[in-house]
Amino acid sequence: MRLEGHLEQAVEGLIGAIKGSEAYDKYMSALEAVKQQPGLKQQIDEFRKENYVMQNTGDMAFERIEQFERAYSDFRENPLVSDFLAAELALCRQIQQINFNITEALNFE
């Protein structure tokens with residue numbers, strides 16, 4: 001579906017504003033740093049995948065969470081990994097807040 005002209009311009013402006021934000025700059029810098037280390041992005045993706053599966057399959061037993069935390073404890077202490085995950089989370093929260101503001105302003109139920 002193609003957006004109407006003025007709406008498309010507004011979306012492009014919003015994208016530009018996001019790309020100009022501190023959260024986006026930090027995310028892009030952290031992503032570039034991660035990509036400089038062979039295999040690190042792939043390891044992060046695997047961590048995120050396992051975390052997602054654990055959270056979305058109802059596998060939140062205390063033992064499973066402990067096992068996951070132990071398995072990735074050293075990995076998450078890597079400054080490149082922790083910086084990337086923090087930057088990614090900040091950008092995701094920014095996008096979530098934008099989405100919340102839009103749906104709230106439109107009385108979208």
# chains A, B, ... in the order shown; residues from 1 in each chain; ligands from 1
call {"tool": "select_by_dssp", "arguments": {"residues": "chain A", "states": "alpha helix (DSSP H)", "output": "short mmCIF file (atom, residue, chain, number, x, y, z; two decimals) with N, CA and C atoms, in the first residue's frame"}}
result
data_model
loop_
_atom_site.label_atom_id
_atom_site.label_comp_id
_atom_site.auth_asym_id
_atom_site.auth_seq_id
_atom_site.Cartn_x
_atom_site.Cartn_y
_atom_site.Cartn_z
N GLY A 5 0.82 11.37 -0.50
CA GLY A 5 1.99 12.23 -0.60
C GLY A 5 2.41 12.90 0.68
N HIS A 6 1.49 13.61 1.33
CA HIS A 6 1.87 14.33 2.54
C HIS A 6 2.20 13.37 3.69
N LEU A 7 1.53 12.22 3.74
CA LEU A 7 1.80 11.23 4.77
C LEU A 7 3.17 10.59 4.52
N GLU A 8 3.46 10.30 3.27
CA GLU A 8 4.76 9.73 2.92
C GLU A 8 5.89 10.69 3.30
N GLN A 9 5.68 11.98 3.07
CA GLN A 9 6.68 12.98 3.44
C GLN A 9 6.86 13.02 4.96
N ALA A 10 5.77 12.92 5.68
CA ALA A 10 5.85 12.93 7.15
C ALA A 10 6.61 11.71 7.66
N VAL A 11 6.35 10.55 7.07
CA VAL A 11 7.06 9.33 7.46
C VAL A 11 8.54 9.46 7.15
N GLU A 12 8.87 10.00 5.99
CA GLU A 12 10.28 10.22 5.64
C GLU A 12 10.93 11.18 6.63
N GLY A 13 10.19 12.20 7.06
CA GLY A 13 10.70 13.13 8.07
C GLY A 13 10.93 12.43 9.39
N LEU A 14 10.01 11.56 9.78
CA LEU A 14 10.15 10.80 11.02
C LEU A 14 11.37 9.89 10.95
N ILE A 15 11.54 9.21 9.83
CA ILE A 15 12.71 8.35 9.65
C ILE A 15 13.99 9.17 9.75
N GLY A 16 14.00 10.33 9.13
CA GLY A 16 15.16 11.22 9.22
C GLY A 16 15.44 11.65 10.65
N ALA A 17 14.38 11.93 11.39
CA ALA A 17 14.54 12.33 12.79
C ALA A 17 15.10 11.19 13.63
N ILE A 18 14.62 9.99 13.38
CA ILE A 18 15.14 8.82 14.10
C ILE A 18 16.61 8.62 13.77
N LYS A 19 16.94 8.70 12.48
CA LYS A 19 18.34 8.53 12.08
C LYS A 19 19.24 9.63 12.63
N GLU A 22 20.30 10.47 18.96
CA GLU A 22 21.44 9.93 19.69
C GLU A 22 21.34 8.41 19.81
N ALA A 23 20.14 7.90 20.03
CA ALA A 23 19.94 6.45 20.16
C ALA A 23 20.35 5.73 18.89
N TYR A 24 19.98 6.29 17.75
CA TYR A 24 20.33 5.66 16.46
C TYR A 24 21.84 5.74 16.23
N ASP A 25 22.45 6.89 16.54
CA ASP A 25 23.90 7.03 16.38
C ASP A 25 24.64 6.00 17.23
N LYS A 26 24.22 5.84 18.48
CA LYS A 26 24.87 4.87 19.36
C LYS A 26 24.68 3.45 18.84
N TYR A 27 23.48 3.16 18.35
CA TYR A 27 23.22 1.83 17.80
C TYR A 27 24.12 1.56 16.59
N MET A 28 24.18 2.50 15.68
CA MET A 28 24.99 2.30 14.47
C MET A 28 26.47 2.17 14.82
N SER A 29 26.96 2.96 15.77
CA SER A 29 28.36 2.86 16.19
C SER A 29 28.63 1.50 16.82
N ALA A 30 27.73 1.06 17.68
CA ALA A 30 27.90 -0.24 18.33
C ALA A 30 27.82 -1.37 17.32
N LEU A 31 26.92 -1.26 16.36
CA LEU A 31 26.80 -2.28 15.31
C LEU A 31 28.08 -2.36 14.49
N GLU A 32 28.62 -1.23 14.12
CA GLU A 32 29.86 -1.21 13.34
C GLU A 32 31.01 -1.84 14.12
N ALA A 33 31.09 -1.54 15.41
CA ALA A 33 32.15 -2.12 16.25
C ALA A 33 32.01 -3.64 16.33
N VAL A 34 30.78 -4.11 16.47
CA VAL A 34 30.53 -5.56 16.54
C VAL A 34 30.92 -6.22 15.22
N LYS A 35 30.58 -5.60 14.11
CA LYS A 35 30.87 -6.20 12.80
C LYS A 35 32.36 -6.25 12.50
N LEU A 40 31.25 -12.20 15.74
CA LEU A 40 30.59 -11.66 16.92
C LEU A 40 29.12 -11.34 16.67
N LYS A 41 28.80 -10.77 15.53
CA LYS A 41 27.40 -10.45 15.19
C LYS A 41 26.59 -11.74 15.16
N GLN A 42 27.16 -12.79 14.61
CA GLN A 42 26.46 -14.07 14.55
C GLN A 42 26.21 -14.61 15.96
N GLN A 43 27.17 -14.46 16.86
CA GLN A 43 26.99 -14.91 18.24
C GLN A 43 25.90 -14.09 18.94
N ILE A 44 25.88 -12.79 18.69
CA ILE A 44 24.85 -11.94 19.27
C ILE A 44 23.47 -12.34 18.74
N ASP A 45 23.39 -12.61 17.45
CA ASP A 45 22.12 -13.03 16.86
C ASP A 45 21.64 -14.34 17.48
N GLU A 46 22.56 -15.26 17.73
CA GLU A 46 22.19 -16.53 18.36
C GLU A 46 21.70 -16.29 19.79
N PHE A 47 22.38 -15.43 20.53
CA PHE A 47 21.96 -15.07 21.89
C PHE A 47 20.55 -14.48 21.86
N ARG A 48 20.31 -13.55 20.94
CA ARG A 48 19.00 -12.91 20.85
C ARG A 48 17.92 -13.92 20.48
N LYS A 49 18.26 -14.84 19.57
CA LYS A 49 17.31 -15.87 19.14
C LYS A 49 16.93 -16.77 20.32
N GLU A 50 17.93 -17.24 21.07
CA GLU A 50 17.65 -18.10 22.22
C GLU A 50 16.84 -17.37 23.27
N ASN A 51 17.16 -16.12 23.50
CA ASN A 51 16.43 -15.31 24.47
C ASN A 51 14.98 -15.14 24.03
N TYR A 52 14.78 -14.85 22.75
CA TYR A 52 13.43 -14.68 22.21
C TYR A 52 12.62 -15.97 22.36
N VAL A 53 13.22 -17.08 21.98
CA VAL A 53 12.51 -18.36 22.06
C VAL A 53 12.13 -18.68 23.50
N MET A 54 13.08 -18.47 24.41
CA MET A 54 12.82 -18.75 25.81
C MET A 54 11.65 -17.89 26.33
N GLN A 55 11.63 -16.61 25.96
CA GLN A 55 10.60 -15.71 26.46
C GLN A 55 9.24 -15.95 25.80
N ASN A 56 9.24 -16.46 24.58
CA ASN A 56 7.98 -16.57 23.85
C ASN A 56 7.43 -17.99 23.73
N PHE A 62 12.61 -21.30 36.37
CA PHE A 62 13.77 -20.73 37.04
C PHE A 62 15.06 -21.42 36.59
N GLU A 63 15.03 -22.74 36.47
CA GLU A 63 16.23 -23.50 36.07
C GLU A 63 16.67 -23.11 34.66
N ARG A 64 15.72 -22.93 33.78
CA ARG A 64 16.03 -22.57 32.39
C ARG A 64 16.64 -21.17 32.33
N ILE A 65 16.10 -20.26 33.09
CA ILE A 65 16.62 -18.89 33.13
C ILE A 65 18.04 -18.89 33.70
N GLU A 66 18.25 -19.64 34.78
CA GLU A 66 19.58 -19.75 35.38
C GLU A 66 20.58 -20.32 34.38
N GLN A 67 20.18 -21.36 33.68
CA GLN A 67 21.05 -21.99 32.69
C GLN A 67 21.41 -21.00 31.58
N PHE A 68 20.43 -20.27 31.11
CA PHE A 68 20.65 -19.28 30.06
C PHE A 68 21.61 -18.19 30.55
N GLU A 69 21.38 -17.69 31.75
CA GLU A 69 22.23 -16.65 32.32
C GLU A 69 23.67 -17.13 32.49
N ARG A 70 23.84 -18.36 32.96
CA ARG A 70 25.20 -18.91 33.12
C ARG A 70 25.88 -19.08 31.77
N ALA A 71 25.14 -19.56 30.80
CA ALA A 71 25.72 -19.83 29.48
C ALA A 71 26.21 -18.55 28.81
N TYR A 72 25.55 -17.45 29.07
CA TYR A 72 25.89 -16.21 28.38
C TYR A 72 26.52 -15.15 29.29
N SER A 73 26.83 -15.50 30.52
CA SER A 73 27.38 -14.53 31.46
C SER A 73 28.67 -13.89 30.95
N ASP A 74 29.65 -14.69 30.61
CA ASP A 74 30.92 -14.16 30.11
C ASP A 74 30.73 -13.42 28.79
N PHE A 75 29.88 -13.96 27.94
CA PHE A 75 29.62 -13.34 26.64
C PHE A 75 29.07 -11.93 26.81
N ARG A 76 28.13 -11.76 27.73
CA ARG A 76 27.51 -10.44 27.94
C ARG A 76 28.45 -9.45 28.62
N GLU A 77 29.51 -9.94 29.25
CA GLU A 77 30.49 -9.05 29.86
C GLU A 77 31.43 -8.42 28.84
N PRO A 79 32.53 -5.92 26.44
CA PRO A 79 32.03 -4.54 26.27
C PRO A 79 31.37 -4.29 24.91
N LEU A 80 31.85 -4.93 23.86
CA LEU A 80 31.21 -4.75 22.55
C LEU A 80 29.80 -5.31 22.56
N VAL A 81 29.64 -6.46 23.19
CA VAL A 81 28.32 -7.10 23.26
C VAL A 81 27.39 -6.28 24.15
N SER A 82 27.84 -5.92 25.33
CA SER A 82 26.95 -5.19 26.25
C SER A 82 26.60 -3.82 25.68
N ASP A 83 27.56 -3.14 25.05
CA ASP A 83 27.27 -1.84 24.44
C ASP A 83 26.27 -1.98 23.30
N PHE A 84 26.44 -3.01 22.47
CA PHE A 84 25.52 -3.22 21.36
C PHE A 84 24.11 -3.51 21.86
N LEU A 85 24.00 -4.43 22.82
CA LEU A 85 22.67 -4.79 23.33
C LEU A 85 21.99 -3.60 24.01
N ALA A 86 22.75 -2.79 24.72
CA ALA A 86 22.18 -1.61 25.37
C ALA A 86 21.73 -0.59 24.32
N ALA A 87 22.53 -0.40 23.28
CA ALA A 87 22.18 0.55 22.22
C ALA A 87 20.96 0.06 21.45
N GLU A 88 20.91 -1.22 21.18
CA GLU A 88 19.77 -1.80 20.47
C GLU A 88 18.50 -1.64 21.29
N LEU A 89 18.59 -1.90 22.59
CA LEU A 89 17.42 -1.76 23.46
C LEU A 89 16.94 -0.31 23.51
N ALA A 90 17.87 0.62 23.60
CA ALA A 90 17.49 2.04 23.64
C ALA A 90 16.78 2.46 22.35
N LEU A 91 17.28 2.00 21.21
CA LEU A 91 16.64 2.33 19.93
C LEU A 91 15.26 1.67 19.84
N CYS A 92 15.16 0.43 20.26
CA CYS A 92 13.86 -0.25 20.24
C CYS A 92 12.85 0.46 21.14
N ARG A 93 13.29 0.89 22.31
CA ARG A 93 12.38 1.61 23.21
C ARG A 93 11.95 2.94 22.61
N GLN A 94 12.86 3.60 21.91
CA GLN A 94 12.51 4.85 21.25
C GLN A 94 11.44 4.61 20.20
N ILE A 95 11.61 3.58 19.40
CA ILE A 95 10.64 3.25 18.36
C ILE A 95 9.31 2.84 18.98
N GLN A 96 9.36 2.07 20.07
CA GLN A 96 8.13 1.69 20.77
C GLN A 96 7.39 2.92 21.30
N GLN A 97 8.15 3.88 21.83
CA GLN A 97 7.52 5.10 22.36
C GLN A 97 6.86 5.89 21.23
N ILE A 98 7.52 5.96 20.08
CA ILE A 98 6.94 6.64 18.93
C ILE A 98 5.64 5.96 18.53
N ASN A 99 5.67 4.65 18.46
CA ASN A 99 4.46 3.89 18.10
C ASN A 99 3.36 4.12 19.13
N PHE A 100 3.71 4.09 20.41
CA PHE A 100 2.73 4.34 21.47
C PHE A 100 2.12 5.73 21.31
N ASN A 101 2.96 6.74 21.09
CA ASN A 101 2.46 8.11 20.94
C ASN A 101 1.50 8.23 19.76
N ILE A 102 1.82 7.59 18.67
CA ILE A 102 0.95 7.65 17.48
C ILE A 102 -0.39 6.97 17.76
N THR A 103 -0.35 5.74 18.29
CA THR A 103 -1.61 5.04 18.53
C THR A 103 -2.44 5.72 19.61
N GLU A 104 -1.77 6.30 20.60
CA GLU A 104 -2.50 7.03 21.66
C GLU A 104 -3.17 8.28 21.08
N ALA A 105 -2.45 9.02 20.26
CA ALA A 105 -3.00 10.26 19.70
C ALA A 105 -4.16 9.98 18.73
#
